[in-house]
Amino acid sequence: MSNVRGRPVQESLKIRHYVMNLIYTHPGEAVMLPSSVELSRMFGVARSTVTLVLQALTREGYIEGKRGIGTFTKCNGTFFPDRRKAPLVGLLYGDGKFFFYEYSAWSLLSCTGRSLTRSLRMVRHLSLVSMSDDEMFNEIRSQYLDALVWFNASETRLPLIRRLEEAGILIVTCGELPEEAAVDNFRFDLHGSGREMGLRLLAEGRRRVFFAVENDASRSRLRGFEDAYREAGRKLDLHAFREEPSSSVFDQIAAKLEAGVIPDAFYTHGEYLSGILELLKMHHVDTVSQCRMLAEFHTIHTPEFCGIVSEVPFEELGDRIARRVSERLADASAPPVHVALPVPLKVLQAAR
């Protein structure tokens, strides 16, 4: 666990969140805090840690001490001038321990957060330090959430999701979860997008496809490519690249090109596009007529790009998730929904 000036970060945050939750759930009221001894016992931390956290909250104007009585929250309308409590919704991406987020992750978080706050929901982004499911359960419980939107949720987390729901936290997920999981889940129809891309390549008579990179986020689209060729009874010469400890995706692609294996089409996932275009240029591969390029629109940073692009509807997904959170907060017994949003394609010419 990391430290800030010798204080365990997670322990400090637990106490801080506890106090902030008192303020949040009692708008317009002055609530008396437990003593520093009691807080020390409640959270299993040293009294010195409690004292430092309370001193910081006092400086920030959230609490105040009353001589001879105790420490109280300040009812100064910090959260809600009209003294009404709005539901608190957490946003969690993956396991909450990412060092940075790339474009699609930030788009999901920001579009959903914007839609939630527009509908008067209060939103918190969660960064976690826990490793095991038990630790994650306790850490998420300590966030005092009414609801949690879990992006890039994997099927292995379903038992944890069930525990959180049983603990009273409404869960809405966004990921490649099966419909039989019986949990509210929103996702992009990447399989359908990949299948449509495959059909377009078939119509152009293209057979050898390079696919980079193969990972959890792109595998559904890859299966769509394969299904399009299988359904048409056509052979697909597929070369899928994934990051390996011993060699990077770019090294693997370069080895294929140097061996004279030239693709008819090349799908690139995420921010790999610019590096792959440079690599193809170095090996004199024509990416206008010889090799059909396929990519996500948001990864294109050059007007010279020519190919098929998918426009991922981040804003629409954020709006749909926000509406579903509102529906479930109003009626927790509503049956779960499984929504797959189509991902439209378009062709970009070299001069755009």
# chains A, B, ... in the order shown; residues from 1 in each chain; ligands from 1
call {"tool": "select_by_dssp", "arguments": {"residues": "region 28-248 of chain A", "states": "strand (DSSP E or B)", "output": "VMD selection string"}}
result
chain A and resid 32 63 to 66 70 to 73 88 to 93 122 to 125 147 to 151 170 to 174 185 to 188 208 to 212 237 to 241
call {"tool": "select_by_dssp", "arguments": {"residues": "region 86-284 of chain A", "states": "alpha helix (DSSP H)", "output": "ChimeraX atom specification"}}
result
/A:103-118,133-141,158-166,190-203,219-231,249-258,273-282
call {"tool": "residues_around", "arguments": {"residues": "Val339 (chain A)", "least_positions_apart": "6", "cutoff": "7 Å", "atoms": "only C-alpha atoms", "output": "mmCIF file with C-alpha atoms, in the first residue's frame"}}
result
data_model
loop_
_atom_site.group_PDB
_atom_site.id
_atom_site.type_symbol
_atom_site.label_atom_id
_atom_site.label_comp_id
_atom_site.auth_asym_id
_atom_site.auth_seq_id
_atom_site.Cartn_x
_atom_site.Cartn_y
_atom_site.Cartn_z
ATOM 1 C CA ASN A 185 -25.476 -4.908 -19.254
ATOM 2 C CA PHE A 186 -24.778 -2.459 -22.060
ATOM 3 C CA ARG A 187 -22.227 -3.010 -24.788
#
call {"tool": "atom_distance", "arguments": {"atom1": "CA of Val337 (chain A)", "atom2": "CA of Asp184 (chain A)"}}
result
4.9 Å
call {"tool": "residues_around", "arguments": {"residues": "region 53-64 of chain A", "least_positions_apart": "3", "cutoff": "7 Å", "atoms": "only C-alpha atoms", "output": "tab-separated table (two decimals) with N, CA and C atoms, in the first residue's frame"}}
result
chain	number	residue	atom	x	y	z
A	12	SER	N	-6.57	6.46	5.37
A	12	SER	CA	-6.98	7.85	5.44
A	12	SER	C	-8.26	8.09	4.66
A	16	ARG	N	-12.00	9.54	5.73
A	16	ARG	CA	-12.49	10.71	5.00
A	16	ARG	C	-13.84	10.42	4.35
A	49	THR	N	-3.42	8.80	12.76
A	49	THR	CA	-3.99	8.86	11.41
A	49	THR	C	-5.34	9.55	11.44
A	50	VAL	N	-6.18	9.19	12.42
A	50	VAL	CA	-7.49	9.83	12.57
A	50	VAL	C	-7.32	11.32	12.77
A	71	THR	N	-16.85	16.96	17.92
A	71	THR	CA	-16.64	17.41	16.54
A	71	THR	C	-17.89	17.13	15.72
A	72	PHE	N	-18.31	18.13	14.91
A	72	PHE	CA	-19.55	18.03	14.14
A	72	PHE	C	-19.30	18.35	12.67
A	73	THR	N	-20.15	17.77	11.82
A	73	THR	CA	-20.15	18.17	10.42
A	73	THR	C	-20.72	19.58	10.32
A	74	LYS	N	-20.29	20.33	9.31
A	74	LYS	CA	-20.78	21.71	9.15
A	74	LYS	C	-21.93	21.71	8.16
call {"tool": "closest_residue", "arguments": {"among": "A:Lys256, A:Arg320, A:Arg206, A:Arg230", "to": "Cys291 (chain A)", "atoms": "only C-alpha atoms"}}
result
A:Arg206
call {"tool": "atom_distance", "arguments": {"atom1": "CA of Ser115 (chain A)", "atom2": "CA of Phe151 (chain A)"}}
result
15.2 Å
call {"tool": "atom_distance", "arguments": {"atom1": "CA of Gln290 (chain A)", "atom2": "CA of Leu222 (chain A)"}}
result
21.4 Å
call {"tool": "closest_residue", "arguments": {"among": "A:Arg328, A:Arg121, A:Arg163, A:His301", "to": "Ser274 (chain A)", "atoms": "only C-alpha atoms"}}
result
A:His301
call {"tool": "residues_around", "arguments": {"residues": "Ile15 (chain A)", "least_positions_apart": "6", "cutoff": "12 Å", "atoms": "only C-alpha atoms", "output": "PyMOL selection string"}}
result
chain A and resi 8-9+21-22+33-34+36+38-47+49-57+142-143
call {"tool": "residues_around", "arguments": {"residues": "Leu348 (chain A)", "least_positions_apart": "3", "cutoff": "8 Å", "atoms": "only C-alpha atoms", "output": "ChimeraX atom specification"}}
result
/A:305-309,352
call {"tool": "closest_residue", "arguments": {"among": "A:Leu238, A:Leu116, A:Leu294, A:Leu126", "to": "Asp319 (chain A)", "atoms": "only C-alpha atoms"}}
result
A:Leu116
call {"tool": "residues_around", "arguments": {"residues": "Arg221 (chain A)", "least_positions_apart": "3", "cutoff": "6 Å", "atoms": "only C-alpha atoms", "output": "list in words"}}
result
Leu190, His191, Gly194, Ser218 and Gly224 of chain A
call {"tool": "closest_residue", "arguments": {"among": "A:Tyr144, A:Phe98, A:Tyr93, A:Tyr103", "to": "His17 (chain A)", "atoms": "only C-alpha atoms"}}
result
A:Tyr144
